[in-house]
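Undergrad: My structure file start.cif, mmCIF, C-alpha atoms and all ligand atoms; chains and numbers go by the auth columns, is below:
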data_query
#
loop_
_atom_site.group_PDB
_atom_site.id
_atom_site.type_symbol
_atom_site.label_atom_id
_atom_site.label_comp_id
_atom_site.label_asym_id
_atom_site.label_seq_id
_atom_site.Cartn_x
_atom_site.Cartn_y
_atom_site.Cartn_z
_atom_site.B_iso_or_equiv
_atom_site.auth_seq_id
_atom_site.auth_asym_id
ATOM 1 C CA MET A 1 -47.588 -5.649 -38.652 0.00 206 A
ATOM 2 C CA ASN A 2 -51.260 -5.649 -37.585 0.00 207 A
ATOM 3 C CA GLY A 3 -51.134 -3.159 -34.770 0.00 208 A
ATOM 4 C CA PRO A 4 -52.868 -2.068 -32.738 0.00 209 A
ATOM 5 C CA VAL A 5 -51.545 1.418 -33.309 0.00 210 A
ATOM 6 C CA ASN A 6 -52.780 4.607 -31.669 0.00 211 A
ATOM 7 C CA LEU A 7 -53.382 7.705 -33.765 0.00 212 A
ATOM 8 C CA VAL A 8 -53.544 10.681 -31.405 0.00 213 A
ATOM 9 C CA LEU A 9 -55.269 13.647 -33.076 0.00 214 A
ATOM 10 C CA LEU A 10 -53.816 16.948 -31.925 0.00 215 A
ATOM 11 C CA GLY A 11 -54.352 20.541 -32.974 0.00 216 A
ATOM 12 C CA MET A 12 -56.135 23.762 -32.299 0.00 217 A
ATOM 13 C CA SER A 13 -59.893 24.022 -31.992 0.00 218 A
ATOM 14 C CA GLY A 14 -61.756 23.980 -35.288 0.00 219 A
ATOM 15 C CA THR A 15 -58.932 22.589 -37.393 0.00 220 A
ATOM 16 C CA GLY A 16 -60.929 19.401 -37.966 0.00 221 A
ATOM 17 C CA LYS A 17 -59.529 16.831 -35.502 0.00 222 A
ATOM 18 C CA SER A 18 -62.873 15.182 -34.755 0.00 223 A
ATOM 19 C CA SER A 19 -63.968 15.313 -38.407 0.00 224 A
ATOM 20 C CA SER A 20 -60.683 13.695 -39.468 0.00 225 A
ATOM 21 C CA GLY A 21 -61.180 11.037 -36.780 0.00 226 A
ATOM 22 C CA ASN A 22 -64.597 10.293 -38.246 0.00 227 A
ATOM 23 C CA THR A 23 -63.124 10.071 -41.748 0.00 228 A
ATOM 24 C CA ILE A 24 -60.537 7.575 -40.475 0.00 229 A
ATOM 25 C CA LEU A 25 -63.217 5.551 -38.658 0.00 230 A
ATOM 26 C CA GLY A 26 -65.619 5.685 -41.603 0.00 231 A
ATOM 27 C CA GLU A 27 -68.439 6.676 -39.238 0.00 232 A
ATOM 28 C CA LYS A 28 -69.405 9.669 -37.144 0.00 233 A
ATOM 29 C CA LEU A 29 -68.386 8.658 -33.640 0.00 234 A
ATOM 30 C CA PHE A 30 -66.755 11.945 -32.602 0.00 235 A
ATOM 31 C CA LEU A 31 -68.849 15.090 -32.261 0.00 236 A
ATOM 32 C CA ALA A 32 -67.772 17.568 -34.927 0.00 237 A
ATOM 33 C CA LYS A 33 -69.366 20.895 -35.757 0.00 238 A
ATOM 34 C CA SER A 34 -68.535 24.489 -36.409 0.00 239 A
ATOM 35 C CA SER A 35 -68.647 26.533 -33.242 0.00 240 A
ATOM 36 C CA SER A 36 -67.139 29.650 -31.744 0.00 241 A
ATOM 37 C CA LYS A 37 -66.280 27.575 -28.658 0.00 242 A
ATOM 38 C CA PRO A 38 -64.199 24.384 -28.478 0.00 243 A
ATOM 39 C CA VAL A 39 -66.425 21.399 -29.250 0.00 244 A
ATOM 40 C CA THR A 40 -64.371 18.482 -27.947 0.00 245 A
ATOM 41 C CA THR A 41 -63.715 18.781 -24.214 0.00 246 A
ATOM 42 C CA LYS A 42 -62.541 15.262 -23.332 0.00 247 A
ATOM 43 C CA CYS A 43 -60.201 12.690 -24.846 0.00 248 A
ATOM 44 C CA GLN A 44 -62.145 9.930 -26.596 0.00 249 A
ATOM 45 C CA LEU A 45 -60.982 6.576 -27.951 0.00 250 A
ATOM 46 C CA GLU A 46 -62.629 4.748 -30.859 0.00 251 A
ATOM 47 C CA LYS A 47 -61.334 1.712 -32.729 0.00 252 A
ATOM 48 C CA THR A 48 -61.431 0.420 -36.272 0.00 253 A
ATOM 49 C CA MET A 49 -59.673 -1.953 -38.646 0.00 254 A
ATOM 50 C CA ILE A 50 -58.125 -0.571 -41.834 0.00 255 A
ATOM 51 C CA ASN A 51 -56.598 -2.917 -44.402 0.00 256 A
ATOM 52 C CA GLY A 52 -55.805 -5.461 -41.700 0.00 257 A
ATOM 53 C CA LEU A 53 -54.372 -2.896 -39.284 0.00 258 A
ATOM 54 C CA HIS A 54 -56.005 -2.384 -35.877 0.00 259 A
ATOM 55 C CA VAL A 55 -56.272 1.374 -35.534 0.00 260 A
ATOM 56 C CA ARG A 56 -57.145 3.114 -32.268 0.00 261 A
ATOM 57 C CA VAL A 57 -58.143 6.731 -32.881 0.00 262 A
ATOM 58 C CA ILE A 58 -57.853 9.151 -29.964 0.00 263 A
ATOM 59 C CA ASP A 59 -59.585 12.504 -30.325 0.00 264 A
ATOM 60 C CA THR A 60 -58.429 15.283 -28.011 0.00 265 A
ATOM 61 C CA PRO A 61 -59.477 18.821 -27.112 0.00 266 A
ATOM 62 C CA ASP A 62 -57.303 21.792 -28.125 0.00 267 A
ATOM 63 C CA MET A 63 -54.389 21.595 -25.683 0.00 268 A
ATOM 64 C CA PHE A 64 -52.481 24.486 -27.286 0.00 269 A
ATOM 65 C CA ASP A 65 -54.640 27.187 -25.785 0.00 270 A
ATOM 66 C CA ASP A 66 -52.396 29.431 -23.652 0.00 271 A
ATOM 67 C CA ASP A 67 -55.366 30.259 -21.435 0.00 272 A
ATOM 68 C CA MET A 68 -55.809 26.624 -20.431 0.00 273 A
ATOM 69 C CA GLU A 69 -54.733 25.984 -16.851 0.00 274 A
ATOM 70 C CA SER A 70 -51.688 23.757 -16.743 0.00 275 A
ATOM 71 C CA SER A 71 -53.381 21.366 -14.314 0.00 276 A
ATOM 72 C CA VAL A 72 -56.198 20.875 -16.846 0.00 277 A
ATOM 73 C CA ARG A 73 -53.712 20.344 -19.680 0.00 278 A
ATOM 74 C CA ASP A 74 -51.702 17.872 -17.600 0.00 279 A
ATOM 75 C CA LYS A 75 -54.829 15.891 -16.881 0.00 280 A
ATOM 76 C CA LEU A 76 -55.779 15.752 -20.565 0.00 281 A
ATOM 77 C CA LEU A 77 -52.243 14.734 -21.527 0.00 282 A
ATOM 78 C CA LYS A 78 -52.237 11.971 -18.994 0.00 283 A
ATOM 79 C CA ASN A 79 -55.646 10.848 -20.101 0.00 284 A
ATOM 80 C CA SER A 80 -54.668 10.733 -23.789 0.00 285 A
ATOM 81 C CA THR A 81 -51.544 8.767 -22.911 0.00 286 A
ATOM 82 C CA ASN A 82 -53.456 6.333 -20.708 0.00 287 A
ATOM 83 C CA LEU A 83 -55.955 5.698 -23.502 0.00 288 A
ATOM 84 C CA CYS A 84 -53.030 4.546 -25.677 0.00 289 A
ATOM 85 C CA GLY A 85 -52.339 1.644 -23.324 0.00 290 A
ATOM 86 C CA SER A 86 -49.109 -0.103 -24.200 0.00 291 A
ATOM 87 C CA HIS A 87 -49.588 0.167 -27.956 0.00 292 A
ATOM 88 C CA PRO A 88 -47.386 2.303 -30.224 0.00 293 A
ATOM 89 C CA ARG A 89 -48.439 5.888 -30.668 0.00 294 A
ATOM 90 C CA VAL A 90 -48.327 8.103 -33.729 0.00 295 A
ATOM 91 C CA PHE A 91 -49.195 11.775 -33.300 0.00 296 A
ATOM 92 C CA VAL A 92 -51.350 13.322 -35.997 0.00 297 A
ATOM 93 C CA LEU A 93 -51.078 17.103 -36.008 0.00 298 A
ATOM 94 C CA VAL A 94 -54.205 18.480 -37.648 0.00 299 A
ATOM 95 C CA LEU A 95 -53.866 21.812 -39.472 0.00 300 A
ATOM 96 C CA GLN A 96 -56.185 23.565 -41.904 0.00 301 A
ATOM 97 C CA VAL A 97 -54.622 23.822 -45.316 0.00 302 A
ATOM 98 C CA SER A 98 -55.858 27.323 -45.976 0.00 303 A
ATOM 99 C CA ARG A 99 -55.210 28.792 -42.574 0.00 304 A
ATOM 100 C CA PHE A 100 -51.994 28.707 -40.578 0.00 305 A
ATOM 101 C CA THR A 101 -52.429 30.907 -37.529 0.00 306 A
ATOM 102 C CA ASP A 102 -49.976 32.763 -35.298 0.00 307 A
ATOM 103 C CA GLY A 103 -50.913 30.402 -32.483 0.00 308 A
ATOM 104 C CA GLU A 104 -49.649 27.479 -34.559 0.00 309 A
ATOM 105 C CA ARG A 105 -46.164 28.883 -35.151 0.00 310 A
ATOM 106 C CA ASP A 106 -44.736 27.473 -31.933 0.00 311 A
ATOM 107 C CA VAL A 107 -46.762 24.289 -32.071 0.00 312 A
ATOM 108 C CA LEU A 108 -43.688 22.030 -32.131 0.00 313 A
ATOM 109 C CA THR A 109 -42.190 23.680 -29.054 0.00 314 A
ATOM 110 C CA LYS A 110 -45.462 23.107 -27.239 0.00 315 A
ATOM 111 C CA LEU A 111 -45.689 19.523 -28.449 0.00 316 A
ATOM 112 C CA LYS A 112 -42.152 18.804 -27.261 0.00 317 A
ATOM 113 C CA LYS A 113 -43.059 20.106 -23.830 0.00 318 A
ATOM 114 C CA MET A 114 -46.147 17.942 -23.773 0.00 319 A
ATOM 115 C CA PHE A 115 -44.860 14.691 -25.227 0.00 320 A
ATOM 116 C CA GLY A 116 -41.062 14.884 -25.094 0.00 321 A
ATOM 117 C CA GLY A 117 -38.245 15.940 -27.420 0.00 322 A
ATOM 118 C CA LYS A 118 -38.686 13.147 -29.956 0.00 323 A
ATOM 119 C CA VAL A 119 -42.320 13.898 -30.700 0.00 324 A
ATOM 120 C CA SER A 120 -41.660 15.051 -34.287 0.00 325 A
ATOM 121 C CA GLU A 121 -40.201 11.620 -35.147 0.00 326 A
ATOM 122 C CA GLN A 122 -43.576 10.100 -34.328 0.00 327 A
ATOM 123 C CA MET A 123 -45.623 12.778 -36.016 0.00 328 A
ATOM 124 C CA ILE A 124 -47.614 13.137 -39.213 0.00 329 A
ATOM 125 C CA ILE A 125 -49.224 16.399 -40.327 0.00 330 A
ATOM 126 C CA LEU A 126 -52.778 16.010 -41.544 0.00 331 A
ATOM 127 C CA PHE A 127 -54.077 18.982 -43.507 0.00 332 A
ATOM 128 C CA THR A 128 -57.859 19.334 -43.653 0.00 333 A
ATOM 129 C CA ARG A 129 -60.003 21.190 -46.197 0.00 334 A
ATOM 130 C CA GLY A 130 -58.168 19.578 -49.103 0.00 335 A
ATOM 131 C CA GLY A 131 -61.073 20.722 -51.306 0.00 336 A
ATOM 132 C CA ASP A 132 -59.777 24.288 -50.990 0.00 337 A
ATOM 133 C CA LEU A 133 -56.491 23.188 -52.570 0.00 338 A
ATOM 134 C CA SER A 134 -58.077 21.233 -55.382 0.00 339 A
ATOM 135 C CA ARG A 135 -60.370 24.164 -56.189 0.00 340 A
ATOM 136 C CA ALA A 136 -57.229 26.303 -56.470 0.00 341 A
ATOM 137 C CA GLY A 137 -55.721 23.621 -58.726 0.00 342 A
ATOM 138 C CA MET A 138 -52.844 23.079 -56.326 0.00 343 A
ATOM 139 C CA SER A 139 -51.224 19.843 -55.196 0.00 344 A
ATOM 140 C CA LEU A 140 -50.098 19.290 -51.615 0.00 345 A
ATOM 141 C CA LYS A 141 -46.508 19.251 -52.829 0.00 346 A
ATOM 142 C CA THR A 142 -46.847 22.662 -54.484 0.00 347 A
ATOM 143 C CA PHE A 143 -48.647 24.018 -51.429 0.00 348 A
ATOM 144 C CA LEU A 144 -45.776 22.901 -49.191 0.00 349 A
ATOM 145 C CA HIS A 145 -43.249 24.531 -51.532 0.00 350 A
ATOM 146 C CA GLN A 146 -45.117 27.807 -51.546 0.00 351 A
ATOM 147 C CA CYS A 147 -46.388 28.051 -47.985 0.00 352 A
ATOM 148 C CA GLN A 148 -44.868 30.314 -45.358 0.00 353 A
ATOM 149 C CA ARG A 149 -41.512 29.402 -43.896 0.00 354 A
ATOM 150 C CA ASP A 150 -42.708 28.531 -40.399 0.00 355 A
ATOM 151 C CA LEU A 151 -45.116 25.959 -41.742 0.00 356 A
ATOM 152 C CA ARG A 152 -42.531 24.544 -44.139 0.00 357 A
ATOM 153 C CA GLU A 153 -40.108 24.156 -41.264 0.00 358 A
ATOM 154 C CA ILE A 154 -42.693 22.286 -39.195 0.00 359 A
ATOM 155 C CA ALA A 155 -43.317 19.948 -42.130 0.00 360 A
ATOM 156 C CA GLU A 156 -39.566 19.401 -42.614 0.00 361 A
ATOM 157 C CA THR A 157 -39.066 18.703 -38.913 0.00 362 A
ATOM 158 C CA CYS A 158 -41.721 16.023 -39.252 0.00 363 A
ATOM 159 C CA GLY A 159 -39.719 14.393 -42.051 0.00 364 A
ATOM 160 C CA GLY A 160 -42.062 15.781 -44.714 0.00 365 A
ATOM 161 C CA ARG A 161 -44.784 13.368 -43.577 0.00 366 A
ATOM 162 C CA CYS A 162 -47.876 15.290 -44.677 0.00 367 A
ATOM 163 C CA VAL A 163 -51.240 14.001 -45.838 0.00 368 A
ATOM 164 C CA LEU A 164 -54.239 15.839 -47.199 0.00 369 A
ATOM 165 C CA PHE A 165 -57.857 15.169 -46.134 0.00 370 A
ATOM 166 C CA GLU A 166 -61.149 16.542 -47.330 0.00 371 A
ATOM 167 C CA ASN A 167 -63.539 15.504 -44.600 0.00 372 A
ATOM 168 C CA LYS A 168 -66.606 16.341 -46.692 0.00 373 A
ATOM 169 C CA ASP A 169 -65.490 13.625 -49.089 0.00 374 A
ATOM 170 C CA SER A 170 -65.848 9.903 -48.382 0.00 375 A
ATOM 171 C CA ASP A 171 -62.944 8.996 -50.698 0.00 376 A
ATOM 172 C CA THR A 172 -61.106 6.210 -48.876 0.00 377 A
ATOM 173 C CA SER A 173 -57.771 6.788 -50.613 0.00 378 A
ATOM 174 C CA GLN A 174 -57.020 9.662 -48.226 0.00 379 A
ATOM 175 C CA VAL A 175 -57.276 7.271 -45.269 0.00 380 A
ATOM 176 C CA GLU A 176 -55.115 4.723 -47.094 0.00 381 A
ATOM 177 C CA ASP A 177 -52.450 7.414 -47.663 0.00 382 A
ATOM 178 C CA LEU A 178 -52.490 8.185 -43.949 0.00 383 A
ATOM 179 C CA ILE A 179 -52.186 4.505 -43.005 0.00 384 A
ATOM 180 C CA GLU A 180 -49.218 4.053 -45.366 0.00 385 A
ATOM 181 C CA THR A 181 -47.525 7.018 -43.669 0.00 386 A
ATOM 182 C CA VAL A 182 -48.348 5.577 -40.235 0.00 387 A
ATOM 183 C CA LYS A 183 -46.653 2.329 -41.270 0.00 388 A
ATOM 184 C CA GLU A 184 -43.546 4.301 -42.329 0.00 389 A
ATOM 185 C CA VAL A 185 -43.380 5.968 -38.908 0.00 390 A
ATOM 186 C CA LEU A 186 -43.699 2.613 -37.163 0.00 391 A
ATOM 187 C CA ALA A 187 -41.059 1.003 -39.366 0.00 392 A
ATOM 188 C CA ASP A 188 -38.571 3.856 -38.869 0.00 393 A
ATOM 189 C CA ASN A 189 -39.154 4.418 -35.261 0.00 394 A
ATOM 190 C CA SER A 190 -39.012 2.159 -32.258 0.00 395 A
ATOM 191 C CA GLU A 191 -39.738 5.235 -30.093 0.00 396 A
ATOM 192 C CA ALA A 192 -43.366 5.089 -31.144 0.00 397 A
ATOM 193 C CA SER A 193 -43.936 2.911 -28.096 0.00 398 A
ATOM 194 C CA CYS A 194 -46.061 4.706 -25.573 0.00 399 A
ATOM 195 C CA GLU A 195 -44.771 5.326 -22.074 0.00 400 A
ATOM 196 C CA VAL A 196 -46.434 7.389 -19.376 0.00 401 A
ATOM 197 C CA GLU A 197 -43.365 9.230 -18.205 0.00 402 A
ATOM 198 C CA ASP A 198 -42.485 12.264 -20.303 0.00 403 A
ATOM 199 C CA SER A 199 -42.202 15.826 -19.071 0.00 404 A
ATOM 200 C CA ALA A 200 -45.542 17.336 -18.075 0.00 405 A
ATOM 201 C CA ASN A 201 -47.113 13.918 -17.604 0.00 406 A
ATOM 202 C CA THR A 202 -45.224 13.195 -14.445 0.00 407 A
ATOM 203 C CA SER A 203 -47.103 15.707 -12.273 0.00 408 A
ATOM 204 C CA GLN A 204 -50.023 14.078 -10.509 0.00 409 A
HETATM 205 N N1 LIG B . -64.980 21.845 -45.860 0.00 501 B
HETATM 206 C C1 LIG B . -64.415 21.189 -44.861 0.00 501 B
HETATM 207 N N2 LIG B . -64.822 21.410 -43.596 0.00 501 B
HETATM 208 C C2 LIG B . -64.220 20.716 -42.601 0.00 501 B
HETATM 209 C C3 LIG B . -63.174 19.791 -42.838 0.00 501 B
HETATM 210 N N3 LIG B . -62.773 19.275 -41.652 0.00 501 B
HETATM 211 C C4 LIG B . -63.550 19.847 -40.711 0.00 501 B
HETATM 212 N N4 LIG B . -64.424 20.709 -41.267 0.00 501 B
HETATM 213 C C5 LIG B . -65.448 21.524 -40.570 0.00 501 B
HETATM 214 O O1 LIG B . -64.815 22.330 -39.582 0.00 501 B
HETATM 215 C C6 LIG B . -65.628 22.438 -38.433 0.00 501 B
HETATM 216 C C7 LIG B . -64.837 22.030 -37.187 0.00 501 B
HETATM 217 O O2 LIG B . -64.501 20.670 -37.277 0.00 501 B
HETATM 218 P P1 LIG B . -64.201 19.756 -36.006 0.00 501 B
HETATM 219 O O3 LIG B . -63.814 18.418 -36.514 0.00 501 B
HETATM 220 O O4 LIG B . -65.325 19.803 -35.020 0.00 501 B
HETATM 221 O O5 LIG B . -62.923 20.506 -35.406 0.00 501 B
HETATM 222 P P2 LIG B . -62.058 20.120 -34.098 0.00 501 B
HETATM 223 O O6 LIG B . -60.636 20.333 -34.421 0.00 501 B
HETATM 224 O O7 LIG B . -62.446 18.764 -33.621 0.00 501 B
HETATM 225 O O8 LIG B . -62.541 21.242 -33.065 0.00 501 B
HETATM 226 P P3 LIG B . -62.552 21.182 -31.432 0.00 501 B
HETATM 227 O O9 LIG B . -63.286 19.938 -31.034 0.00 501 B
HETATM 228 O O10 LIG B . -63.271 22.450 -31.035 0.00 501 B
HETATM 229 O O11 LIG B . -61.132 21.183 -30.987 0.00 501 B
HETATM 230 C C8 LIG B . -66.858 21.558 -38.679 0.00 501 B
HETATM 231 O O12 LIG B . -67.924 22.387 -39.113 0.00 501 B
HETATM 232 C C9 LIG B . -66.418 20.634 -39.792 0.00 501 B
HETATM 233 O O13 LIG B . -67.484 20.214 -40.602 0.00 501 B
HETATM 234 C C10 LIG B . -62.759 19.574 -44.202 0.00 501 B
HETATM 235 O O14 LIG B . -61.861 18.799 -44.530 0.00 501 B
HETATM 236 N N5 LIG B . -63.424 20.310 -45.155 0.00 501 B
HETATM 237 MG MG MG B . -63.222 18.104 -31.830 0.00 502 B
#
Could you spell out this file's structure in structure tokens?

TA:
Amino acid sequence: MNGPVNLVLLGMSGTGKSSSGNTILGEKLFLAKSSSKPVTTKCQLEKTMINGLHVRVIDTPDMFDDDMESSVRDKLLKNSTNLCGSHPRVFVLVLQVSRFTDGERDVLTKLKKMFGGKVSEQMIILFTRGGDLSRAGMSLKTFLHQCQRDLREIAETCGGRCVLFENKDSDTSQVEDLIETVKEVLADNSEASCEVEDSANTSQ
């Protein structure tokens, strides 16, 4: 299977969506920086080839912000879906390993509203700031055992599909781990096909 496959990066502002996109692409095509305000304001598509797989990376703004007007969110959702074209779609939920916030507790409920009830079957959790874990001498597996219940439940709902990135590190094995997990989702899941019809997307 050579793709193309869409990886849609989702998550709250500052978690490292754009940085993770750049790590996947192997070049800095998405704007990423620390800021008190959201940095990414539009959906952006960039493409690459990884181990023979055509990968389309779609960066998105934080769509979990309760203060965002629903018309704005609907437009972004539609835009991200349109960028996927007719190719399969895997959602990559980006979370910081060392910081799980109150706002992220109901992230799956929000994602279901945005992308439909089966979203978790097409989802991978990508934890950023992996360096924080290695400095603490902790593996991802141990972290997931010890983390708070809400986060563990999110990971379980996503079939335990979790990968760890350190975006300050150019180590390509982290991207290879992600791509292997993407292939598992595609193999297990014919629903990964992308249709512009779900829930919030229908409003024009
Ligand atoms: N140490 C470390 N810093 C990271 C990592 N990933 C992202 N960062 C930093 O976190 C900050 C925010 O990263 P972004 O990629 O811009 O975050 P974002 O999720 O795209 O943010 P918005 O565009 O505002 O939604 C930047 O200063 C990054 O350098 C990581 O794995 N390790
Ligand atoms: Mg961004």

Undergrad: Can you work out which one of A:Ser303, A:Ser325, A:Thr386, A:Asn284 has the shortest atom-to-atom distance to ligand LIG 501 (chain B), counting only C-alpha atoms and all ligand atoms?

TA: A:Ser303

Undergrad: When you draw a straight line from CA of Pro293 (chain A) to CA of Val210 (chain A), how long is it in Å?

TA: 5.3 Å

Undergrad: Could you check which of A:Thr286, A:Thr306, A:Thr333, A:Ser239 is closest to Gln379 (chain A), using only C-alpha atoms?

TA: A:Thr333

Undergrad: Return as AutoDock Vina command-line options the centre and edge lengths, in Å with one decimal, of the box along x, y and z that encloses every atom of ligand LIG 501 (chain B) in the file, padded by 6 Å per side.

TA:
--center_x -64.3 --center_y 20.4 --center_z -38.4 --size_x 19.3 --size_y 16.0 --size_z 26.9

Undergrad: Taking only C-alpha atoms and all ligand atoms into account, which of A:Arg340, A:Arg334, A:Arg304, A:Lys233 comes nearest ligand LIG 501 (chain B)?

TA: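 Result for the nearest residue to ligand LIG 501 (chain B): A:Arg334.
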
Undergrad: Let me see if you get this right: every residue at most 9 Å from ligand LIG 501 (chain B), counting all atoms listed in the file, written as JSON, numbers by chain.

TA: {"A": [214, 215, 216, 217, 218, 219, 220, 221, 222, 223, 224, 225, 226, 227, 235, 236, 237, 238, 239, 240, 241, 242, 243, 244, 245, 246, 264, 265, 266, 267, 268, 299, 300, 301, 302, 332, 333, 334, 335, 336, 337, 369, 370, 371, 372, 373, 374]}

Undergrad: Excluding Lys388 (chain A) and residues on its chain fewer than 5 positions from it, collect all residues at most 12 Å away from it, counting all atoms listed in the file, and give them as number ranges by chain.

TA: A: 206-212, 255-256, 258-260, 293-295, 327-329, 366, 381-383, 393-395, 397

Undergrad: In Å, rounded to a single decimal, give me how far CA of Arg310 (chain A) is from CA of Asp272 (chain A).

TA: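 So the answer is 16.6 Å.
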
Undergrad: Just give me the gap between CA of Ser275 (chain A) and CA of Ile330 (chain A) in Å, one decimal is fine.

TA: 24.8 Å

Undergrad: Taking the file as shown, find all residues satisfying the PyMOL selection byres (((chain A and resi 315) around 12) and not hetatm) and write them as a PyMOL selection string.

TA: chain A and resi 215-217+267-271+278+308-314+316-322+324-325+404-405

Undergrad: Could you check which of A:Arg354, A:Lys252, A:Lys346, A:Lys247 is closest to ligand MG 502 (chain B), using all atoms listed in the file?

TA: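 Nearest candidate to ligand MG 502 (chain B) out of A:Arg354, A:Lys252, A:Lys346, A:Lys247: A:Lys247.
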
Undergrad: Have a look at A:Ile263, A:Ile229, A:Met254, A:Leu288 and name the one nearest to ligand MG 502 (chain B); count only C-alpha atoms and all ligand atoms.

TA: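 Closest residue, counting only C-alpha atoms and all ligand atoms: A:Ile263.
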
Undergrad: For a quick check of understanding, using only C-alpha atoms and all ligand atoms, which of A:Gln249, A:Leu281, A:Leu349, A:Glu389 has the smallest distance to ligand MG 502 (chain B)?

TA: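 The shortest atom-to-atom distance to ligand MG 502 (chain B) comes from A:Gln249.
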